[in-house]
Amino acid sequence: MKRFAFIALLLSSCFIATAFSQQTITLGFTVSRTGALNVDSVEQYRGFELWRDQVNAAGGIKAGGKNYKVQFASYDDESNSKRVQQLYTRLILEDKADFLFSPYSSSLTATAAVVTEQNEKIMLTTGAAEEKTYKLGNQCLYQMFAPATQYLTVAIDALKAKDPKATVAFVYEDASFSVAVVTPAKAYAQQQGFNVVFSEAYAPNTTDFGAIIDKVIGSKATVLLGGGHYADGSTLARQLYGHKVPLKMITLLVAPDSPQWAELGDAAVGVIVPSQWEPQSTFKAQYGPSGADFGKAYTAKYNTPPSYESAGGYASGLILQRAIEQAGGIDTAKVAAALNATDVTTFYGRTKFSTQPSEHGLQVGHAIFLAQWQKDKSGKPVKQVIWPLAGKSADLVYPIH
Amino acid sequence: MSGIFASMIDGLLIGSVYGLAAMGLSLIWGVMDVINLTHGAMIALGMFGMYLLFNATAINAYLLLAPMIAGGLILGVIIYWLAVNWVVDRPILMSLLSTFAVNMMVIGIGTAIWSTSPYNVDFSVPGITVGEYTFTGNHMFAALSAVLIALLLEMFLRRTRTGKAIRAVADNRDAAELMGISSTRVLMVAFAIGIALAVASGALVSTLFPFTILSGAGYQLKSFVVTVLAGLGKPFGALVAGVLLGLLEGAVSPFIAISWIPLIEFGLFVLVLIVFPRGIFSRATA
């Protein structure tokens with residue numbers, strides 16, 4: 001009887017000790033479950049979710065002798081910046097989020113950043129490539145994506161290698177991210193000797209590209225660069241195909257990275273997307289899973305391959321996890337110091353944040369790929385890495401048709 | 001083929017669909033003196049109706065217009081008895097509020113069911129290529145369908161007893177009632193036809209562009225411009241005005257950024273209100 005009481009006492013003390021060392025971290029963010037940013041945003045969320053599930057299944061984040069289980073506080077922002085402002089305030093003040101992830105897109109993130117900076121909360125931004133937000137003196141933002149200026153300059157490099165005499169049209173969403181990408185790209189194209197024959201921005205909710213397509217045809221452009229996000233990008237590609245526009249190369253931002261792009265059928269083929277990550281990437285991970293393991297786990301969970309938004313979401317979790325481990329807890333100042341010192345390669349590539357006061361948190365380690373939708377042997381559209389040449393999985397198909 | 005000519009043909013094709021969308025608004029406004037703010041929501045329901053029906057049957061989308069119009073008529077009758085009949089003779093603000101409330105309910109329920117994410121009707125008809133420009137088969141079929149529906153409506157209004165009754169009630173409701181016409185029944189039929197036209201135009205738009213439950217709002221605004229251009233209660237005039245609006249869009253778009261087009265359209269809206277307050281087709285018949 002005495003022995004039984006002793007064992008019971010021992011077990012209960014163990015239970016109490018475990019309970020004390022088991023803590024919970026609340027991560028707050030919004031997802032565009034509805035609205036124009038829905039496709040890309042949900043893919044980003046899946047990255048967060050897979051990371052959380054894997055971390056919790058492994059017992060949580062181990063830091064300072066404690067195990068931190070990860071829980072999410074999350075709302076639908078409806079792709080609407082007004083909702084983002086309300087919801088990030090709620091996440092911080094009511095849900096008591098310890099750390100934040102950004103919503104999807106540069107414009108929504110810029111809105112969220114105002115709230116997180118006011119409250120001095122760390123926010124890892126993913127799906128937010130525009131540099132401007134990181135050059136406003138913010139101190140608590142950390143950008144996971146390579147900056148917007150790189151997106152189309154790599155496409156121009158690839159074009160120069162293939163057809164330096166191409167004539168270029170820029171057709172892009174009139175939104176902060178796309179404008180931030182296209183403005184330097186246009187200057188870069190001209191600097192590289194290309195004749196930019198047409199340039200026009202369209203409203204974010206545009207569904208009828210007929211008038212713009214007629215102008216592109218009239219301009220005699222052979223290459224089209226631009227786009228914005230999924231809804232407009234997929235519509236533009238569909239209508240370019242429907243109008244049989246004689247383009248040799250089409251590079252669109254963001255949209256063609258989604259696995260959903262394949263649903264466009266023949267309209268999907270040939271389109272190039274600047275990408276933050278591709279499943280074919282072979283970075284040797286110093287921390288976290290390999291690209292193959294991430295891809296396998298993601299596909300098993302969601303029955304679809306990961307996009308770069310998904311990879312960015314997962315990598316955000318990984319980088320925060322590493323910073324918490326190195327900080328030995330969730331103290332904001334210590335985690336910020338760990339993030340400032342981050343220079344690590346994961347399956348997603350290199351991550352390093354600028355610590356210059358003028359651009360604090362700007363991503364300076366990561367680089368952009370180019371991927372192109374090509375037909376595989378069975379005629380099915382698949383995405384291939386075509387740039388940089390050193391890491392290509394297939395040659396650039398040029399001209400498309 | 002020159003760019004402006006191609007652009008004007010595109011404008012002509014899409015303008016027919018604008019015209020069809022505006023016909024429903026014009027008919028209800030002209031006959032009942034009710035500004036139907038459910039118009040945009042009905043266009044959106046037409047889009048989703050076509051999406052669901054097409055995915056369920058996988059037959060030629062344009063053949064599905066007949067069941068869509070039938071569904072629109074039934075929906076119109078339901079909305080009439082639920083929200084319009086009570087406010088027909090009341091101040092116009094009452095009908096505005098009543099139809100706005102229905103609009104909000106439809107948008108709310110639609111958002112709960114379909115979210116505000118974009119949908120597509122994945123159906124395409126081969127187009128015609130002239131030089132470097134291709135005119136999609138969907139645009140041509142949508143325009144032809146819009147004109148055909150408009151002609152059928154015009155024939156209905158001119159040749160049938162019910163159509164004549166609608167015109168009589170629109171001209172002078174008291175006199176029509178003295179002639180033994182049941183104005184309540186006629187108003188119900190006119191409202192149902194107006195809703196069916198909105199649903200049909202939404203169904204046609206869904207074969208051209210992606211859409212969300214909120215997409216009807218833009219077409220509702222265009223419908224107001226077209227209705228003001230044509231003058232109230234002139235459904236066929238609305239079709240012509242819609243085509244003119246499309247042509248205008250096509251004619252100006254090669255010279256300006258497309259984001260400026262709404263400014264020109266609404267500038268025209270204000271100008272017509274000032275110069276032709278009864279619509280550009282009203283002078284000839286006044």
# chains A, B, ... in the order shown; residues from 1 in each chain; ligands from 1
$ residues_around --residues "region 139-156 of chain B" --least-positions-apart "5" --cutoff "8 Å" --atoms "only C-alpha atoms" --output "ChimeraX atom specification"
/B:10,13-17,19-20,23,62,162-163,201,204-205,207-208,235-236,239
$ closest_atom_pairs --of "chain B" --to "chain A" --cutoff "10 Å" --atoms "only C-alpha atoms" --output "JSON lines"
{"residue": "B:Met1", "atom": "CA", "partner": "A:Gly218", "partner_atom": "CA", "distance": 9.7}
{"residue": "B:Ser2", "atom": "CA", "partner": "A:Gly218", "partner_atom": "CA", "distance": 7.7}
{"residue": "B:Gly3", "atom": "CA", "partner": "A:Gly218", "partner_atom": "CA", "distance": 5.6}
{"residue": "B:Ile4", "atom": "CA", "partner": "A:Asp214", "partner_atom": "CA", "distance": 8.3}
{"residue": "B:Phe5", "atom": "CA", "partner": "A:Asp214", "partner_atom": "CA", "distance": 9.8}
{"residue": "B:Ala6", "atom": "CA", "partner": "A:Asp214", "partner_atom": "CA", "distance": 7.1}
{"residue": "B:Ser7", "atom": "CA", "partner": "A:Ala211", "partner_atom": "CA", "distance": 6.1}
{"residue": "B:Met8", "atom": "CA", "partner": "A:Ala211", "partner_atom": "CA", "distance": 9.2}
{"residue": "B:Asp10", "atom": "CA", "partner": "A:Gly210", "partner_atom": "CA", "distance": 7.0}
{"residue": "B:Gly11", "atom": "CA", "partner": "A:Ala211", "partner_atom": "CA", "distance": 8.4}
{"residue": "B:Ile14", "atom": "CA", "partner": "A:Asp208", "partner_atom": "CA", "distance": 9.6}
{"residue": "B:Thr111", "atom": "CA", "partner": "A:Thr34", "partner_atom": "CA", "distance": 8.6}
{"residue": "B:Ala112", "atom": "CA", "partner": "A:Thr34", "partner_atom": "CA", "distance": 9.9}
{"residue": "B:Trp114", "atom": "CA", "partner": "A:Thr34", "partner_atom": "CA", "distance": 8.9}
{"residue": "B:Ser115", "atom": "CA", "partner": "A:Thr34", "partner_atom": "CA", "distance": 5.4}
{"residue": "B:Thr116", "atom": "CA", "partner": "A:Gly35", "partner_atom": "CA", "distance": 4.6}
{"residue": "B:Ser117", "atom": "CA", "partner": "A:Gly35", "partner_atom": "CA", "distance": 4.8}
{"residue": "B:Pro118", "atom": "CA", "partner": "A:Ala231", "partner_atom": "CA", "distance": 6.7}
{"residue": "B:Tyr119", "atom": "CA", "partner": "A:Ala231", "partner_atom": "CA", "distance": 9.3}
{"residue": "B:Asn120", "atom": "CA", "partner": "A:Thr235", "partner_atom": "CA", "distance": 9.4}
{"residue": "B:Asp122", "atom": "CA", "partner": "A:Leu264", "partner_atom": "CA", "distance": 9.1}
{"residue": "B:Ser124", "atom": "CA", "partner": "A:Gly242", "partner_atom": "CA", "distance": 8.6}
{"residue": "B:Val125", "atom": "CA", "partner": "A:Gly242", "partner_atom": "CA", "distance": 9.6}
{"residue": "B:Pro126", "atom": "CA", "partner": "A:Gly242", "partner_atom": "CA", "distance": 8.5}
{"residue": "B:Gly127", "atom": "CA", "partner": "A:Gly242", "partner_atom": "CA", "distance": 8.1}
{"residue": "B:Ile128", "atom": "CA", "partner": "A:His243", "partner_atom": "CA", "distance": 9.3}
{"residue": "B:Thr129", "atom": "CA", "partner": "A:His243", "partner_atom": "CA", "distance": 8.4}
{"residue": "B:Glu132", "atom": "CA", "partner": "A:Ile217", "partner_atom": "CA", "distance": 7.0}
{"residue": "B:Tyr133", "atom": "CA", "partner": "A:His243", "partner_atom": "CA", "distance": 6.9}
{"residue": "B:Thr134", "atom": "CA", "partner": "A:His243", "partner_atom": "CA", "distance": 4.8}
{"residue": "B:Phe135", "atom": "CA", "partner": "A:His243", "partner_atom": "CA", "distance": 6.5}
{"residue": "B:Thr136", "atom": "CA", "partner": "A:Gly242", "partner_atom": "CA", "distance": 6.5}
{"residue": "B:Gly137", "atom": "CA", "partner": "A:Gly242", "partner_atom": "CA", "distance": 9.2}
{"residue": "B:Asn138", "atom": "CA", "partner": "A:Gly242", "partner_atom": "CA", "distance": 9.7}
{"residue": "B:Leu208", "atom": "CA", "partner": "A:Asp208", "partner_atom": "CA", "distance": 8.2}
{"residue": "B:Phe209", "atom": "CA", "partner": "A:Thr207", "partner_atom": "CA", "distance": 5.7}
{"residue": "B:Pro210", "atom": "CA", "partner": "A:Thr207", "partner_atom": "CA", "distance": 6.3}
{"residue": "B:Phe211", "atom": "CA", "partner": "A:Thr207", "partner_atom": "CA", "distance": 7.8}
{"residue": "B:Thr212", "atom": "CA", "partner": "A:Gly35", "partner_atom": "CA", "distance": 8.3}
{"residue": "B:Ile213", "atom": "CA", "partner": "A:Gly35", "partner_atom": "CA", "distance": 10.0}
{"residue": "B:Leu214", "atom": "CA", "partner": "A:Gly35", "partner_atom": "CA", "distance": 9.6}
{"residue": "B:Ser215", "atom": "CA", "partner": "A:Asn205", "partner_atom": "CA", "distance": 9.3}
{"residue": "B:Glu249", "atom": "CA", "partner": "A:Ala211", "partner_atom": "CA", "distance": 8.5}
{"residue": "B:Gly250", "atom": "CA", "partner": "A:Ala211", "partner_atom": "CA", "distance": 7.0}
{"residue": "B:Ala251", "atom": "CA", "partner": "A:Ala211", "partner_atom": "CA", "distance": 9.8}
{"residue": "B:Val252", "atom": "CA", "partner": "A:Ala211", "partner_atom": "CA", "distance": 9.6}
{"residue": "B:Ser253", "atom": "CA", "partner": "A:Ala211", "partner_atom": "CA", "distance": 6.2}
{"residue": "B:Pro254", "atom": "CA", "partner": "A:Lys215", "partner_atom": "CA", "distance": 6.2}
{"residue": "B:Phe255", "atom": "CA", "partner": "A:Lys215", "partner_atom": "CA", "distance": 9.2}
{"residue": "B:Ile256", "atom": "CA", "partner": "A:Glu200", "partner_atom": "CA", "distance": 9.6}
{"residue": "B:Ala257", "atom": "CA", "partner": "A:Glu200", "partner_atom": "CA", "distance": 6.6}
{"residue": "B:Ile258", "atom": "CA", "partner": "A:Tyr202", "partner_atom": "CA", "distance": 6.9}
{"residue": "B:Ser259", "atom": "CA", "partner": "A:Tyr202", "partner_atom": "CA", "distance": 6.2}
{"residue": "B:Trp260", "atom": "CA", "partner": "A:Tyr202", "partner_atom": "CA", "distance": 9.9}
$ residues_around --residues "region 149-153 of chain A" --least-positions-apart "5" --cutoff "12 Å" --atoms "only C-alpha atoms" --output "JSON, numbers by chain"
{"A": [129, 130, 131, 132, 158, 159, 160, 170, 172, 177, 178, 179, 180, 181, 182, 183, 184, 185, 186, 187, 188, 189, 190, 191, 192, 224, 225, 226, 227, 228, 250, 251, 252, 253, 254, 272, 273, 274, 275, 276, 363, 364, 366, 367, 368, 369, 370, 371, 387]}
$ closest_residue --among "A:Trp373, A:Phe294, A:Trp277, A:Phe283" --to "Gln260 (chain A)" --atoms "only C-alpha atoms"
A:Trp373
$ atom_distance --atom1 "CA of Thr346 (chain A)" --atom2 "CA of Ile61 (chain A)"
17.0 Å
$ residues_around --residues "Leu45 (chain B)" --least-positions-apart "4" --cutoff "9 Å" --atoms "only C-alpha atoms" --output "number ranges by chain"
B: 40-41, 49-50, 106, 110, 198-199, 202-203, 213, 216
$ write_last_selection --atoms "C-alpha atoms" --output "JSON list (two decimals), in the first residue's frame"
[["chain", "number", "residue", "atom", "x", "y", "z"],
["B", 40, "GLY", "CA", -26.77, 43.93, -58.93],
["B", 41, "ALA", "CA", -27.49, 41.02, -56.60],
["B", 49, "GLY", "CA", -26.88, 30.12, -61.30],
["B", 50, "MET", "CA", -25.10, 29.63, -64.60],
["B", 106, "VAL", "CA", -28.84, 38.09, -51.04],
["B", 110, "GLY", "CA", -24.24, 34.50, -51.18],
["B", 198, "ALA", "CA", -30.88, 40.81, -64.78],
["B", 199, "VAL", "CA", -30.37, 37.07, -64.15],
["B", 202, "GLY", "CA", -25.45, 37.84, -65.20],
["B", 203, "ALA", "CA", -25.50, 34.39, -66.77],
["B", 213, "ILE", "CA", -20.95, 37.43, -55.40],
["B", 216, "GLY", "CA", -23.10, 42.54, -59.81]]
$ residues_around --residues "His39 (chain B)" --least-positions-apart "2" --cutoff "8 Å" --atoms "only C-alpha atoms" --output "mmCIF file with N, CA, C and O atoms, in the first residue's frame"
data_model
loop_
_atom_site.group_PDB
_atom_site.id
_atom_site.type_symbol
_atom_site.label_atom_id
_atom_site.label_comp_id
_atom_site.auth_asym_id
_atom_site.auth_seq_id
_atom_site.Cartn_x
_atom_site.Cartn_y
_atom_site.Cartn_z
ATOM 1 N N GLY B 24 -33.612 45.303 -67.696
ATOM 2 C CA GLY B 24 -34.408 44.906 -66.528
ATOM 3 C C GLY B 24 -34.635 46.076 -65.596
ATOM 4 O O GLY B 24 -35.753 46.327 -65.112
ATOM 5 N N LEU B 25 -33.565 46.837 -65.353
ATOM 6 C CA LEU B 25 -33.662 47.995 -64.453
ATOM 7 C C LEU B 25 -34.612 49.034 -65.047
ATOM 8 O O LEU B 25 -35.469 49.586 -64.353
ATOM 9 N N ASN B 36 -34.898 49.547 -58.531
ATOM 10 C CA ASN B 36 -34.665 48.209 -57.995
ATOM 11 C C ASN B 36 -33.198 48.026 -57.598
ATOM 12 O O ASN B 36 -32.350 47.735 -58.446
ATOM 13 N N LEU B 37 -32.940 48.165 -56.311
ATOM 14 C CA LEU B 37 -31.547 48.015 -55.860
ATOM 15 C C LEU B 37 -31.155 46.554 -55.656
ATOM 16 O O LEU B 37 -30.045 46.274 -55.205
ATOM 17 N N ALA B 41 -27.482 42.347 -57.245
ATOM 18 C CA ALA B 41 -27.495 41.023 -56.601
ATOM 19 C C ALA B 41 -28.116 39.984 -57.530
ATOM 20 O O ALA B 41 -27.670 38.825 -57.562
ATOM 21 N N MET B 42 -29.127 40.391 -58.314
ATOM 22 C CA MET B 42 -29.763 39.448 -59.244
ATOM 23 C C MET B 42 -28.804 39.086 -60.381
ATOM 24 O O MET B 42 -28.769 37.944 -60.836
ATOM 25 N N ILE B 43 -28.011 40.081 -60.816
ATOM 26 C CA ILE B 43 -26.998 39.794 -61.843
ATOM 27 C C ILE B 43 -26.003 38.764 -61.290
ATOM 28 O O ILE B 43 -25.653 37.789 -61.949
ATOM 29 N N ASN B 103 -31.300 43.196 -51.380
ATOM 30 C CA ASN B 103 -29.954 43.137 -51.948
ATOM 31 C C ASN B 103 -28.936 42.694 -50.890
ATOM 32 O O ASN B 103 -28.137 41.783 -51.123
ATOM 33 N N ILE B 195 -36.362 41.116 -63.321
ATOM 34 C CA ILE B 195 -35.401 40.274 -62.590
ATOM 35 C C ILE B 195 -34.836 39.198 -63.519
ATOM 36 O O ILE B 195 -33.631 38.912 -63.502
ATOM 37 N N ALA B 198 -32.122 40.636 -65.571
ATOM 38 C CA ALA B 198 -30.883 40.809 -64.784
ATOM 39 C C ALA B 198 -30.177 39.461 -64.630
ATOM 40 O O ALA B 198 -28.949 39.355 -64.798
ATOM 41 N N GLY B 216 -21.933 41.885 -59.234
ATOM 42 C CA GLY B 216 -23.103 42.537 -59.815
ATOM 43 C C GLY B 216 -23.091 44.044 -59.621
ATOM 44 O O GLY B 216 -23.674 44.786 -60.427
ATOM 45 N N GLN B 220 -24.499 46.900 -62.069
ATOM 46 C CA GLN B 220 -25.644 47.722 -61.641
ATOM 47 C C GLN B 220 -25.354 49.199 -61.934
ATOM 48 O O GLN B 220 -26.208 49.919 -62.437
#
$ select_by_dssp --residues "region 1-93 of chain B" --states "alpha helix (DSSP H)" --output "PyMOL selection string"
chain B and resi 3-32+39-57+65-79+92-93
$ residues_around --residues "region 88-94 of chain B" --least-positions-apart "4" --cutoff "9 Å" --atoms "only C-alpha atoms" --output "list in words"
Met32, Asp33, Val34, Ile35, Val84, Ser98, Thr99 and Leu187 of chain B
$ select_by_dssp --residues "region 112-284 of chain B" --states "strand (DSSP E or B)" --output "PyMOL selection string"
chain B and resi 119+128-130+133-135+211
$ closest_residue --among "A:Gly28, A:Pro388, A:Pro204, A:Gly60" --to "Ile122 (chain A)" --atoms "only C-alpha atoms"
A:Gly28
$ atom_distance --atom1 "CA of Lys392 (chain A)" --atom2 "CA of Pro279 (chain A)"
11.8 Å
$ residues_around --residues "Ile280 (chain B)" --least-positions-apart "2" --cutoff "12 Å" --atoms "only C-alpha atoms" --output "list of chain:residue names"
B:Val225, B:Val226, B:Thr227, B:Val228, B:Leu229, B:Ala230, B:Gly231, B:Leu232, B:Lys234, B:Gly237, B:Ala238, B:Val240, B:Ala241, B:Leu244, B:Leu268, B:Phe269, B:Leu271, B:Val272, B:Leu273, B:Ile274, B:Val275, B:Phe276, B:Pro277, B:Arg278, B:Ser282, B:Arg283, B:Ala284, B:Thr285, B:Ala286
$ decode --residues "region 17-82 of chain A" --atoms "C-alpha atoms" --output "PDB file, in the first residue's frame"
ATOM      1  CA  ALA A  17       6.431  19.335 -13.215  1.00  0.00           C
ATOM      2  CA  THR A  18       5.415  18.656 -16.824  1.00  0.00           C
ATOM      3  CA  ALA A  19       2.485  20.999 -16.499  1.00  0.00           C
ATOM      4  CA  PHE A  20       4.789  23.767 -15.293  1.00  0.00           C
ATOM      5  CA  SER A  21       7.289  23.294 -18.118  1.00  0.00           C
ATOM      6  CA  GLN A  22       4.525  23.102 -20.761  1.00  0.00           C
ATOM      7  CA  GLN A  23       3.744  26.603 -22.029  1.00  0.00           C
ATOM      8  CA  THR A  24       1.729  27.941 -24.910  1.00  0.00           C
ATOM      9  CA  ILE A  25       2.711  30.568 -27.459  1.00  0.00           C
ATOM     10  CA  THR A  26      -0.060  32.403 -29.263  1.00  0.00           C
ATOM     11  CA  LEU A  27       0.701  33.417 -32.837  1.00  0.00           C
ATOM     12  CA  GLY A  28      -1.713  35.878 -34.358  1.00  0.00           C
ATOM     13  CA  PHE A  29      -2.433  36.605 -38.004  1.00  0.00           C
ATOM     14  CA  THR A  30      -5.214  37.086 -40.503  1.00  0.00           C
ATOM     15  CA  VAL A  31      -5.932  34.973 -43.563  1.00  0.00           C
ATOM     16  CA  SER A  32      -7.811  36.139 -46.664  1.00  0.00           C
ATOM     17  CA  ARG A  33     -10.262  33.261 -46.616  1.00  0.00           C
ATOM     18  CA  THR A  34     -12.477  35.330 -48.883  1.00  0.00           C
ATOM     19  CA  GLY A  35     -11.832  38.034 -51.457  1.00  0.00           C
ATOM     20  CA  ALA A  36      -9.362  38.508 -54.256  1.00  0.00           C
ATOM     21  CA  LEU A  37      -6.310  37.301 -52.282  1.00  0.00           C
ATOM     22  CA  ASN A  38      -7.963  34.086 -51.170  1.00  0.00           C
ATOM     23  CA  VAL A  39      -5.910  31.568 -53.186  1.00  0.00           C
ATOM     24  CA  ASP A  40      -2.442  32.861 -52.285  1.00  0.00           C
ATOM     25  CA  SER A  41      -3.367  33.656 -48.705  1.00  0.00           C
ATOM     26  CA  VAL A  42      -4.783  30.209 -47.952  1.00  0.00           C
ATOM     27  CA  GLU A  43      -1.633  28.637 -49.383  1.00  0.00           C
ATOM     28  CA  GLN A  44       0.441  30.784 -47.046  1.00  0.00           C
ATOM     29  CA  TYR A  45      -1.785  29.736 -44.134  1.00  0.00           C
ATOM     30  CA  ARG A  46      -1.279  26.069 -44.944  1.00  0.00           C
ATOM     31  CA  GLY A  47       2.455  26.620 -44.532  1.00  0.00           C
ATOM     32  CA  PHE A  48       1.871  28.103 -41.060  1.00  0.00           C
ATOM     33  CA  GLU A  49      -0.482  25.269 -40.175  1.00  0.00           C
ATOM     34  CA  LEU A  50       1.831  22.447 -41.274  1.00  0.00           C
ATOM     35  CA  TRP A  51       4.694  23.982 -39.293  1.00  0.00           C
ATOM     36  CA  ARG A  52       2.504  24.334 -36.167  1.00  0.00           C
ATOM     37  CA  ASP A  53       1.250  20.757 -36.393  1.00  0.00           C
ATOM     38  CA  GLN A  54       4.746  19.362 -36.830  1.00  0.00           C
ATOM     39  CA  VAL A  55       6.151  21.466 -33.983  1.00  0.00           C
ATOM     40  CA  ASN A  56       3.347  20.480 -31.604  1.00  0.00           C
ATOM     41  CA  ALA A  57       3.615  16.816 -32.608  1.00  0.00           C
ATOM     42  CA  ALA A  58       7.304  16.987 -31.652  1.00  0.00           C
ATOM     43  CA  GLY A  59       6.392  18.364 -28.210  1.00  0.00           C
ATOM     44  CA  GLY A  60       6.513  22.081 -28.999  1.00  0.00           C
ATOM     45  CA  ILE A  61       9.336  24.619 -29.265  1.00  0.00           C
ATOM     46  CA  LYS A  62      12.047  23.754 -26.741  1.00  0.00           C
ATOM     47  CA  ALA A  63      13.582  26.888 -25.274  1.00  0.00           C
ATOM     48  CA  GLY A  64      15.053  27.770 -21.867  1.00  0.00           C
ATOM     49  CA  GLY A  65      14.088  24.390 -20.417  1.00  0.00           C
ATOM     50  CA  LYS A  66      10.470  24.785 -21.400  1.00  0.00           C
ATOM     51  CA  ASN A  67       8.305  23.328 -24.128  1.00  0.00           C
ATOM     52  CA  TYR A  68       6.143  25.896 -25.890  1.00  0.00           C
ATOM     53  CA  LYS A  69       3.115  24.487 -27.685  1.00  0.00           C
ATOM     54  CA  VAL A  70       2.016  26.726 -30.562  1.00  0.00           C
ATOM     55  CA  GLN A  71      -1.558  27.910 -30.846  1.00  0.00           C
ATOM     56  CA  PHE A  72      -3.014  30.216 -33.482  1.00  0.00           C
ATOM     57  CA  ALA A  73      -5.354  33.164 -33.146  1.00  0.00           C
ATOM     58  CA  SER A  74      -6.584  33.831 -36.660  1.00  0.00           C
ATOM     59  CA  TYR A  75      -9.388  35.631 -38.507  1.00  0.00           C
ATOM     60  CA  ASP A  76     -10.603  36.153 -42.068  1.00  0.00           C
ATOM     61  CA  ASP A  77      -9.513  39.611 -43.259  1.00  0.00           C
ATOM     62  CA  GLU A  78     -11.666  39.332 -46.435  1.00  0.00           C
ATOM     63  CA  SER A  79      -8.676  40.697 -48.444  1.00  0.00           C
ATOM     64  CA  ASN A  80      -9.634  44.044 -46.958  1.00  0.00           C
ATOM     65  CA  SER A  81      -7.154  46.423 -45.334  1.00  0.00           C
ATOM     66  CA  LYS A  82      -9.785  47.970 -43.023  1.00  0.00           C
TER      67      LYS A  82
END
